[in-house]
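Next comes query.cif, with mmCIF, C-alpha atoms.
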data_data
loop_
_atom_site.group_PDB
_atom_site.id
_atom_site.type_symbol
_atom_site.label_atom_id
_atom_site.label_comp_id
_atom_site.auth_asym_id
_atom_site.auth_seq_id
_atom_site.Cartn_x
_atom_site.Cartn_y
_atom_site.Cartn_z
ATOM 1 C CA MET A 24 -21.481 1.981 -35.257
ATOM 2 C CA GLU A 25 -21.156 -1.765 -34.725
ATOM 3 C CA LEU A 26 -19.452 -2.995 -31.565
ATOM 4 C CA PRO A 27 -18.361 -6.672 -31.436
ATOM 5 C CA VAL A 28 -19.510 -8.468 -28.291
ATOM 6 C CA VAL A 29 -18.820 -11.979 -27.035
ATOM 7 C CA VAL A 30 -20.526 -13.661 -24.071
ATOM 8 C CA VAL A 31 -18.292 -16.125 -22.240
ATOM 9 C CA ASP A 32 -19.257 -18.461 -19.406
ATOM 10 C CA ALA A 33 -16.282 -18.420 -17.030
ATOM 11 C CA PHE A 34 -15.142 -21.030 -14.502
ATOM 12 C CA THR A 35 -16.958 -23.845 -16.272
ATOM 13 C CA ASP A 36 -16.334 -26.311 -19.101
ATOM 14 C CA ALA A 37 -20.027 -26.467 -20.082
ATOM 15 C CA PRO A 38 -22.271 -23.760 -21.554
ATOM 16 C CA PHE A 39 -24.914 -22.075 -19.419
ATOM 17 C CA ALA A 40 -23.051 -22.676 -16.185
ATOM 18 C CA GLY A 41 -20.334 -20.745 -14.354
ATOM 19 C CA ASN A 42 -20.465 -16.953 -14.562
ATOM 20 C CA PRO A 43 -21.347 -15.222 -17.848
ATOM 21 C CA ALA A 44 -19.509 -12.050 -18.826
ATOM 22 C CA ALA A 45 -19.967 -9.889 -21.881
ATOM 23 C CA VAL A 46 -16.697 -8.834 -23.532
ATOM 24 C CA CYS A 47 -16.668 -5.787 -25.820
ATOM 25 C CA LEU A 48 -13.589 -4.997 -27.936
ATOM 26 C CA THR A 49 -13.227 -1.385 -29.083
ATOM 27 C CA GLU A 50 -10.543 0.370 -31.125
ATOM 28 C CA ARG A 51 -10.609 3.369 -28.783
ATOM 29 C CA PRO A 52 -12.085 4.082 -25.342
ATOM 30 C CA LEU A 53 -15.831 4.619 -25.180
ATOM 31 C CA PRO A 54 -17.423 7.318 -22.999
ATOM 32 C CA ASP A 55 -18.007 6.126 -19.444
ATOM 33 C CA ALA A 56 -21.747 6.790 -19.651
ATOM 34 C CA LEU A 57 -22.040 4.683 -22.807
ATOM 35 C CA MET A 58 -20.144 1.770 -21.254
ATOM 36 C CA GLN A 59 -22.465 1.898 -18.258
ATOM 37 C CA ARG A 60 -25.541 1.875 -20.511
ATOM 38 C CA ILE A 61 -24.159 -1.095 -22.457
ATOM 39 C CA ALA A 62 -23.520 -2.991 -19.214
ATOM 40 C CA ALA A 63 -27.079 -2.258 -18.094
ATOM 41 C CA GLU A 64 -28.341 -3.561 -21.443
ATOM 42 C CA MET A 65 -26.271 -6.751 -21.241
ATOM 43 C CA ARG A 66 -27.476 -7.401 -17.661
ATOM 44 C CA HIS A 67 -24.631 -9.768 -16.790
ATOM 45 C CA SER A 68 -22.898 -9.310 -13.457
ATOM 46 C CA GLU A 69 -19.977 -7.782 -15.402
ATOM 47 C CA THR A 70 -19.337 -6.432 -18.879
ATOM 48 C CA ALA A 71 -15.661 -6.079 -19.809
ATOM 49 C CA PHE A 72 -14.389 -3.405 -22.205
ATOM 50 C CA LEU A 73 -11.065 -4.068 -23.951
ATOM 51 C CA VAL A 74 -8.994 -1.494 -25.834
ATOM 52 C CA PRO A 75 -5.679 -2.413 -27.526
ATOM 53 C CA ARG A 76 -2.592 -0.432 -26.476
ATOM 54 C CA ASP A 77 0.389 0.563 -28.595
ATOM 55 C CA ASP A 78 2.702 -1.635 -26.486
ATOM 56 C CA GLY A 79 0.751 -4.820 -27.288
ATOM 57 C CA ASP A 80 -1.066 -4.895 -23.942
ATOM 58 C CA TRP A 81 -4.761 -4.167 -23.350
ATOM 59 C CA SER A 82 -6.705 -1.646 -21.323
ATOM 60 C CA LEU A 83 -9.511 -3.356 -19.411
ATOM 61 C CA ARG A 84 -12.453 -1.959 -17.467
ATOM 62 C CA TRP A 85 -15.405 -3.727 -15.843
ATOM 63 C CA PHE A 86 -18.983 -2.544 -15.304
ATOM 64 C CA THR A 87 -21.877 -4.168 -13.469
ATOM 65 C CA PRO A 88 -25.392 -3.168 -14.589
ATOM 66 C CA SER A 89 -25.193 -0.186 -12.228
ATOM 67 C CA ALA A 90 -21.543 0.658 -11.457
ATOM 68 C CA GLU A 91 -17.902 0.395 -12.493
ATOM 69 C CA VAL A 92 -15.831 -1.875 -10.238
ATOM 70 C CA ASP A 93 -12.135 -1.902 -9.383
ATOM 71 C CA LEU A 94 -11.550 -5.631 -9.928
ATOM 72 C CA CYS A 95 -13.358 -8.521 -11.576
ATOM 73 C CA GLY A 96 -11.844 -11.971 -11.901
ATOM 74 C CA HIS A 97 -14.342 -13.837 -14.050
ATOM 75 C CA ALA A 98 -14.601 -11.053 -16.646
ATOM 76 C CA THR A 99 -10.783 -10.903 -16.827
ATOM 77 C CA LEU A 100 -10.708 -14.642 -17.491
ATOM 78 C CA ALA A 101 -13.493 -14.184 -20.065
ATOM 79 C CA ALA A 102 -11.591 -11.342 -21.753
ATOM 80 C CA ALA A 103 -8.461 -13.467 -22.109
ATOM 81 C CA HIS A 104 -10.497 -16.381 -23.478
ATOM 82 C CA ALA A 105 -12.209 -14.098 -26.013
ATOM 83 C CA LEU A 106 -8.890 -12.628 -27.214
ATOM 84 C CA TRP A 107 -7.253 -16.031 -27.609
ATOM 85 C CA GLU A 108 -10.242 -17.677 -29.284
ATOM 86 C CA GLY A 109 -10.619 -14.716 -31.641
ATOM 87 C CA GLY A 110 -6.956 -14.896 -32.673
ATOM 88 C CA MET A 111 -6.197 -11.408 -31.350
ATOM 89 C CA HIS A 112 -3.503 -12.624 -28.939
ATOM 90 C CA PRO A 113 -1.766 -16.014 -28.696
ATOM 91 C CA ALA A 114 -2.724 -18.066 -25.645
ATOM 92 C CA CYS A 115 0.862 -19.317 -25.383
ATOM 93 C CA MET A 116 2.037 -15.779 -24.553
ATOM 94 C CA LEU A 117 1.337 -13.779 -21.400
ATOM 95 C CA THR A 118 -1.595 -11.399 -21.916
ATOM 96 C CA ARG A 119 -1.356 -8.200 -19.866
ATOM 97 C CA PHE A 120 -4.285 -5.990 -18.863
ATOM 98 C CA HIS A 121 -3.988 -2.454 -17.484
ATOM 99 C CA THR A 122 -6.798 -1.856 -14.997
ATOM 100 C CA ARG A 123 -7.899 0.153 -11.984
ATOM 101 C CA SER A 124 -6.244 -2.577 -9.873
ATOM 102 C CA GLY A 125 -2.891 -2.326 -11.629
ATOM 103 C CA THR A 126 -1.451 -4.597 -14.299
ATOM 104 C CA LEU A 127 -3.050 -8.041 -14.356
ATOM 105 C CA SER A 128 -2.035 -10.955 -16.542
ATOM 106 C CA ALA A 129 -3.457 -14.142 -18.012
ATOM 107 C CA ARG A 130 -1.862 -17.244 -19.463
ATOM 108 C CA GLY A 131 -3.180 -20.450 -20.991
ATOM 109 C CA ALA A 132 -2.108 -23.928 -19.886
ATOM 110 C CA HIS A 133 -3.686 -27.340 -20.581
ATOM 111 C CA GLY A 134 -7.036 -25.899 -21.600
ATOM 112 C CA MET A 135 -7.301 -23.605 -18.586
ATOM 113 C CA VAL A 136 -7.015 -19.848 -18.220
ATOM 114 C CA TRP A 137 -4.840 -18.652 -15.331
ATOM 115 C CA ILE A 138 -5.268 -15.063 -14.172
ATOM 116 C CA ASP A 139 -2.914 -13.275 -11.786
ATOM 117 C CA LEU A 140 -4.606 -10.909 -9.301
ATOM 118 C CA PRO A 141 -3.558 -9.005 -6.168
ATOM 119 C CA ALA A 142 -4.190 -10.842 -2.903
ATOM 120 C CA SER A 143 -6.633 -9.273 -0.437
ATOM 121 C CA PRO A 144 -6.303 -11.187 2.852
ATOM 122 C CA PRO A 145 -9.318 -10.616 5.123
ATOM 123 C CA VAL A 146 -8.905 -8.242 8.077
ATOM 124 C CA PRO A 147 -11.030 -9.109 11.163
ATOM 125 C CA ALA A 148 -13.844 -6.652 11.901
ATOM 126 C CA GLU A 149 -16.933 -6.263 14.072
ATOM 127 C CA SER A 150 -20.023 -7.978 12.721
ATOM 128 C CA PRO A 151 -22.704 -5.734 11.164
ATOM 129 C CA ASP A 152 -26.189 -5.747 12.663
ATOM 130 C CA GLY A 153 -28.387 -8.599 11.472
ATOM 131 C CA LEU A 154 -25.601 -10.716 10.008
ATOM 132 C CA ALA A 155 -25.993 -13.709 12.329
ATOM 133 C CA ALA A 156 -29.768 -13.702 11.810
ATOM 134 C CA TRP A 157 -29.334 -13.777 8.027
ATOM 135 C CA LEU A 158 -26.713 -16.520 8.236
ATOM 136 C CA GLY A 159 -28.863 -18.608 10.559
ATOM 137 C CA THR A 160 -25.730 -19.419 12.547
ATOM 138 C CA ALA A 161 -22.990 -17.668 14.481
ATOM 139 C CA PRO A 162 -20.107 -16.855 12.086
ATOM 140 C CA ARG A 163 -16.673 -18.309 12.773
ATOM 141 C CA LEU A 164 -15.055 -15.103 11.462
ATOM 142 C CA VAL A 165 -16.224 -11.693 10.248
ATOM 143 C CA ALA A 166 -13.708 -9.582 8.351
ATOM 144 C CA HIS A 167 -13.226 -7.045 5.582
ATOM 145 C CA SER A 168 -11.650 -7.696 2.188
ATOM 146 C CA GLN A 169 -11.417 -5.886 -1.153
ATOM 147 C CA THR A 170 -14.862 -7.149 -2.196
ATOM 148 C CA GLY A 171 -16.601 -6.179 1.060
ATOM 149 C CA TRP A 172 -17.576 -8.297 4.067
ATOM 150 C CA PHE A 173 -15.822 -11.653 4.430
ATOM 151 C CA VAL A 174 -17.681 -14.192 6.551
ATOM 152 C CA VAL A 175 -16.643 -17.725 7.505
ATOM 153 C CA VAL A 176 -19.200 -20.297 8.707
ATOM 154 C CA ASP A 177 -18.769 -23.885 9.849
ATOM 155 C CA ASP A 178 -20.144 -25.962 6.998
ATOM 156 C CA ALA A 179 -21.045 -25.933 3.314
ATOM 157 C CA ASP A 180 -24.750 -26.575 3.900
ATOM 158 C CA ALA A 181 -25.037 -23.266 5.753
ATOM 159 C CA VAL A 182 -23.599 -21.503 2.697
ATOM 160 C CA ARG A 183 -26.004 -23.284 0.327
ATOM 161 C CA ALA A 184 -29.005 -22.327 2.486
ATOM 162 C CA LEU A 185 -28.437 -18.551 2.323
ATOM 163 C CA ASP A 186 -31.179 -16.331 0.876
ATOM 164 C CA PRO A 187 -29.758 -13.851 -1.686
ATOM 165 C CA ASP A 188 -32.901 -11.665 -1.565
ATOM 166 C CA ASP A 189 -32.673 -10.859 2.136
ATOM 167 C CA PRO A 190 -32.611 -7.016 2.481
ATOM 168 C CA ARG A 191 -30.101 -7.266 5.323
ATOM 169 C CA ILE A 192 -27.364 -7.893 2.711
ATOM 170 C CA ALA A 193 -27.909 -4.479 1.118
ATOM 171 C CA ASN A 194 -28.057 -2.871 4.558
ATOM 172 C CA ALA A 195 -24.620 -4.237 5.478
ATOM 173 C CA GLY A 196 -23.140 -1.092 3.921
ATOM 174 C CA ARG A 197 -20.298 -2.464 1.785
ATOM 175 C CA GLN A 198 -19.901 -3.525 -1.849
ATOM 176 C CA GLY A 199 -20.840 -7.122 -1.090
ATOM 177 C CA VAL A 200 -20.722 -10.112 1.240
ATOM 178 C CA VAL A 201 -18.723 -13.279 0.628
ATOM 179 C CA VAL A 202 -19.646 -16.257 2.784
ATOM 180 C CA THR A 203 -17.303 -19.237 2.810
ATOM 181 C CA ALA A 204 -16.950 -22.592 4.576
ATOM 182 C CA PRO A 205 -14.866 -25.762 4.343
ATOM 183 C CA GLY A 206 -15.701 -28.034 1.433
ATOM 184 C CA ASP A 207 -17.749 -31.193 1.905
ATOM 185 C CA PRO A 208 -15.621 -34.098 3.222
ATOM 186 C CA GLY A 209 -14.458 -36.573 0.603
ATOM 187 C CA THR A 210 -15.072 -34.319 -2.407
ATOM 188 C CA GLY A 211 -11.542 -32.959 -2.864
ATOM 189 C CA VAL A 212 -12.925 -29.415 -2.547
ATOM 190 C CA HIS A 213 -11.093 -27.319 0.024
ATOM 191 C CA ALA A 214 -13.599 -24.459 0.322
ATOM 192 C CA VAL A 215 -17.022 -23.376 -0.895
ATOM 193 C CA SER A 216 -18.486 -19.889 -1.102
ATOM 194 C CA ARG A 217 -21.234 -17.598 -2.322
ATOM 195 C CA TYR A 218 -21.051 -13.859 -3.053
ATOM 196 C CA PHE A 219 -23.817 -11.274 -2.828
ATOM 197 C CA ALA A 220 -23.451 -7.672 -4.066
ATOM 198 C CA PRO A 221 -26.873 -5.988 -4.378
ATOM 199 C CA ASN A 222 -25.334 -2.565 -3.769
ATOM 200 C CA VAL A 223 -23.670 -2.714 -7.211
ATOM 201 C CA GLY A 224 -26.593 -4.331 -9.018
ATOM 202 C CA VAL A 225 -25.625 -8.005 -8.509
ATOM 203 C CA PRO A 226 -27.962 -9.772 -6.047
ATOM 204 C CA GLU A 227 -25.824 -12.915 -6.333
ATOM 205 C CA ASP A 228 -22.721 -13.354 -8.449
ATOM 206 C CA PRO A 229 -22.547 -16.910 -9.830
ATOM 207 C CA VAL A 230 -18.733 -17.305 -9.564
ATOM 208 C CA THR A 231 -16.501 -14.529 -8.244
ATOM 209 C CA GLY A 232 -12.803 -14.539 -9.062
ATOM 210 C CA SER A 233 -12.071 -11.380 -7.056
ATOM 211 C CA ALA A 234 -13.620 -12.873 -3.896
ATOM 212 C CA HIS A 235 -11.018 -15.633 -4.110
ATOM 213 C CA CYS A 236 -8.313 -13.004 -3.641
ATOM 214 C CA ALA A 237 -9.439 -13.240 0.000
ATOM 215 C CA ILE A 238 -10.740 -16.818 0.057
ATOM 216 C CA GLY A 239 -7.408 -18.145 -1.245
ATOM 217 C CA PRO A 240 -5.131 -16.530 1.356
ATOM 218 C CA TYR A 241 -7.540 -17.324 4.196
ATOM 219 C CA TRP A 242 -7.994 -21.044 3.516
ATOM 220 C CA SER A 243 -4.383 -21.483 2.433
ATOM 221 C CA SER A 244 -3.330 -20.247 5.874
ATOM 222 C CA VAL A 245 -5.947 -22.304 7.747
ATOM 223 C CA LEU A 246 -5.322 -25.538 5.830
ATOM 224 C CA GLY A 247 -1.586 -25.116 5.285
ATOM 225 C CA VAL A 248 -1.707 -25.639 1.505
ATOM 226 C CA ASP A 249 -0.635 -23.410 -1.387
ATOM 227 C CA GLU A 250 -3.110 -24.740 -3.974
ATOM 228 C CA LEU A 251 -6.839 -24.975 -3.318
ATOM 229 C CA VAL A 252 -9.780 -26.408 -5.209
ATOM 230 C CA CYS A 253 -12.714 -24.092 -4.597
ATOM 231 C CA GLU A 254 -16.374 -24.217 -5.585
ATOM 232 C CA GLN A 255 -18.865 -21.385 -5.640
ATOM 233 C CA VAL A 256 -22.158 -23.055 -4.775
ATOM 234 C CA SER A 257 -24.505 -20.583 -6.444
ATOM 235 C CA PRO A 258 -27.372 -22.001 -8.525
ATOM 236 C CA ARG A 259 -25.161 -21.917 -11.671
ATOM 237 C CA GLY A 260 -22.054 -23.042 -9.797
ATOM 238 C CA GLY A 261 -18.413 -22.995 -10.802
ATOM 239 C CA ARG A 262 -15.011 -24.422 -9.928
ATOM 240 C CA LEU A 263 -11.708 -22.580 -9.464
ATOM 241 C CA VAL A 264 -8.159 -23.600 -8.662
ATOM 242 C CA VAL A 265 -6.443 -21.013 -6.454
ATOM 243 C CA ARG A 266 -2.719 -20.649 -5.819
ATOM 244 C CA THR A 267 -1.348 -18.137 -3.310
ATOM 245 C CA GLY A 268 2.032 -16.551 -2.685
ATOM 246 C CA ASP A 269 4.063 -13.320 -2.668
ATOM 247 C CA GLY A 270 1.040 -11.052 -2.256
ATOM 248 C CA ARG A 271 -0.638 -12.407 -5.394
ATOM 249 C CA VAL A 272 -3.339 -14.941 -6.142
ATOM 250 C CA GLU A 273 -3.322 -17.052 -9.297
ATOM 251 C CA ILE A 274 -6.750 -18.347 -10.233
ATOM 252 C CA GLY A 275 -7.341 -21.018 -12.844
ATOM 253 C CA GLY A 276 -10.543 -21.978 -14.589
ATOM 254 C CA ARG A 277 -12.077 -22.997 -17.875
ATOM 255 C CA ALA A 278 -14.336 -20.953 -20.139
ATOM 256 C CA VAL A 279 -16.887 -21.475 -22.908
ATOM 257 C CA THR A 280 -18.082 -18.952 -25.506
ATOM 258 C CA VAL A 281 -21.878 -19.000 -25.781
ATOM 259 C CA LEU A 282 -22.647 -15.972 -27.969
ATOM 260 C CA ARG A 283 -21.002 -13.783 -30.604
ATOM 261 C CA GLY A 284 -22.642 -10.722 -32.108
ATOM 262 C CA GLU A 285 -22.606 -6.983 -32.602
ATOM 263 C CA LEU A 286 -24.159 -4.139 -30.681
ATOM 264 C CA LEU A 287 -25.577 -1.375 -32.870
ATOM 265 C CA LEU A 288 -24.483 1.888 -31.272
ATOM 266 C CA PRO A 289 -25.850 5.338 -32.130
#

Could I get this structure in the form of structure tokens?
Amino acid sequence: MELPVVVVDAFTDAPFAGNPAAVCLTERPLPDALMQRIAAEMRHSETAFLVPRDDGDWSLRWFTPSAEVDLCGHATLAAAHALWEGGMHPACMLTRFHTRSGTLSARGAHGMVWIDLPASPPVPAESPDGLAAWLGTAPRLVAHSQTGWFVVVDDADAVRALDPDDPRIANAGRQGVVVTAPGDPGTGVHAVSRYFAPNVGVPEDPVTGSAHCAIGPYWSSVLGVDELVCEQVSPRGGRLVVRTGDGRVEIGGRAVTVLRGELLLP
């Protein structure tokens, strides 16, 4: 059996930057164990599996190399890009995905992909042991969000300096840790971030759409703006535009296809 696969770099307009996601299109659902093995083989932070529905929508699931996740922004953006570029759905029409996080949608506008996701505003919480030592500074805020711990620090340099291999991240006991700070003055960037999720097989995610379901509402409230320019300052890096309102977050970014091929399944 041959399974078409496309690798898309999301939240970038240049290849080999942003966050790569593998997108697999199947005529019918694959067994869960097989999807997990494929994701482990692909070794990207997420592999997306698309199945067409009778109503014209798509079923969408996401797997890291070690686990299925409830929500993934960059692989949703990559899936929409792959469908539109492959001529399987027009970019000028709303593309709907049925997922473990409800019905999500994507639309194309001026060369960008806009995905609509549920907002997950951070809820203040007590700091886990060892967090301040790992950060190298006292956090401004520690909270919970859909993607795990949500931590705010004072400046972008503190975010850039974080060590993704520190074992204290895995010991924090949640899916992951997002660390965010105000953007550098004069750059036009409202907020920067990094995201670490070793507990689901992703030591550091290059650009995390789902984390911005919390980053967007938080900085929108702090800064008093409805549209934010955000950068994830991982080694690969990526840029997102985030709009908030009515319990939803709309995230815009660009995408580039870097590989097309077929997986040979037993």

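When all atoms listed in the file are used to compute distances to Ile138 in chain A, the closest of the residues A:Cys47, A:Leu282, A:Leu288, A:Leu100 turns out to be A:Leu100.
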
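Selection result for the displayed file, with the PyMOL selection byres ((chain A and resi 75-78) around 9) as criterion, is Leu48, Thr49, Glu50, Arg51, Leu73, Val74, Gly79, Asp80, Trp81 and Ser82 of chain A.
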
For the selection just defined, write its residues with C-alpha atoms to a file, as a CSV table (one decimal), in the coordinates of the input.
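Result file result09.csv:
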chain,number,residue,atom,x,y,z
A,48,LEU,CA,-13.6,-5.0,-27.9
A,49,THR,CA,-13.2,-1.4,-29.1
A,50,GLU,CA,-10.5,0.4,-31.1
A,51,ARG,CA,-10.6,3.4,-28.8
A,73,LEU,CA,-11.1,-4.1,-24.0
A,74,VAL,CA,-9.0,-1.5,-25.8
A,79,GLY,CA,0.8,-4.8,-27.3
A,80,ASP,CA,-1.1,-4.9,-23.9
A,81,TRP,CA,-4.8,-4.2,-23.4
A,82,SER,CA,-6.7,-1.6,-21.3

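Polymer residues near (-3.0, -14.7, -2.8): counting all atoms listed in the file with a cut-off of 6 Å, they are Ala142, Cys236, Gly239, Pro240, Thr267, Gly268, Gly270, Arg271 and Val272 of chain A.
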
So that I have them on file, write out the residues from the current selection with C-alpha atoms, as a PDB file, in the coordinates of the input.
ATOM      1  CA  ALA A 142      -4.190 -10.842  -2.903  1.00  0.00           C
ATOM      2  CA  CYS A 236      -8.313 -13.004  -3.641  1.00  0.00           C
ATOM      3  CA  GLY A 239      -7.408 -18.145  -1.245  1.00  0.00           C
ATOM      4  CA  PRO A 240      -5.131 -16.530   1.356  1.00  0.00           C
ATOM      5  CA  THR A 267      -1.348 -18.137  -3.310  1.00  0.00           C
ATOM      6  CA  GLY A 268       2.032 -16.551  -2.685  1.00  0.00           C
ATOM      7  CA  GLY A 270       1.040 -11.052  -2.256  1.00  0.00           C
ATOM      8  CA  ARG A 271      -0.638 -12.407  -5.394  1.00  0.00           C
ATOM      9  CA  VAL A 272      -3.339 -14.941  -6.142  1.00  0.00           C
TER      10      VAL A 272
END

Explicit residue set for the PyMOL selection byres ((chain A and resi 213) around 8), as JSON, numbers by chain: {"A": [205, 206, 207, 211, 212, 214, 215, 242, 251, 252, 253]}

Print the selection's residues with C-alpha atoms to a file, as a PDB file, in the frame of the given file.
ATOM      1  CA  PRO A 205     -14.866 -25.762   4.343  1.00  0.00           C
ATOM      2  CA  GLY A 206     -15.701 -28.034   1.433  1.00  0.00           C
ATOM      3  CA  ASP A 207     -17.749 -31.193   1.905  1.00  0.00           C
ATOM      4  CA  GLY A 211     -11.542 -32.959  -2.864  1.00  0.00           C
ATOM      5  CA  VAL A 212     -12.925 -29.415  -2.547  1.00  0.00           C
ATOM      6  CA  ALA A 214     -13.599 -24.459   0.322  1.00  0.00           C
ATOM      7  CA  VAL A 215     -17.022 -23.376  -0.895  1.00  0.00           C
ATOM      8  CA  TRP A 242      -7.994 -21.044   3.516  1.00  0.00           C
ATOM      9  CA  LEU A 251      -6.839 -24.975  -3.318  1.00  0.00           C
ATOM     10  CA  VAL A 252      -9.780 -26.408  -5.209  1.00  0.00           C
ATOM     11  CA  CYS A 253     -12.714 -24.092  -4.597  1.00  0.00           C
TER      12      CYS A 253
END

Protein and nucleic acid residues near (-20.4, -13.5, 9.5) (cut-off 10 Å, only C-alpha atoms) as a list of chain:residue names: A:Ala148, A:Glu149, A:Ser150, A:Pro151, A:Gly153, A:Leu154, A:Ala155, A:Ala156, A:Trp157, A:Leu158, A:Gly159, A:Thr160, A:Ala161, A:Pro162, A:Arg163, A:Leu164, A:Val165, A:Ala166, A:Trp172, A:Phe173, A:Val174, A:Val175, A:Val176, A:Val200, A:Val201, A:Val202, A:Thr203

Residues matched by the PyMOL selection byres ((chain A and resi 99) around 12) as number ranges by chain: A: 31-34, 42-47, 69-73, 81-86, 93-98, 100-106, 118-122, 124, 126-130, 136-140, 231-233, 274-276, 278

Interatomic distance, CA of Glu25 in chain A to CA of Ala56 in chain A (Å, one decimal): 17.3 Å

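Considering the residues A:Gly209, A:Pro88, A:Pro289, A:Gly134 and counting all atoms listed in the file, Val225 in chain A has its shortest atom-to-atom contact with A:Pro88.
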
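Distance-wise, CA of Ala63 in chain A and CA of Leu26 in chain A end up 15.5 Å apart.
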
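Straight-line separation from CA of Met135 in chain A to CA of Arg259 in chain A: 19.2 Å.
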
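For the choices A:Ala204, A:Ala181, A:Ser68, A:Gly261, the atom-to-atom distance to Phe219 in chain A is smallest for A:Ser68 when using all atoms listed in the file.
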
Test item: residues at most 8 Å from Pro229 in chain A, all atoms listed in the file, excluding those fewer than 6 positions along its chain, as a ChimeraX atom specification: /A:41-42,217-218,255-261

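For the choices A:Ala62, A:Met116, A:Ile238, A:Val223, the atom-to-atom distance to Ser168 in chain A is smallest for A:Ile238 when using all atoms listed in the file.
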
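Nearest-residue note for Met24 in chain A: choosing from A:Gln59, A:His67, A:Arg123, A:Glu285, the minimum distance belongs to A:Glu285, counting only C-alpha atoms.
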
Counting only C-alpha atoms, the residue of A:His133, A:Asp177, A:Thr87, A:Leu246 that sits nearest Glu227 in chain A: A:Thr87
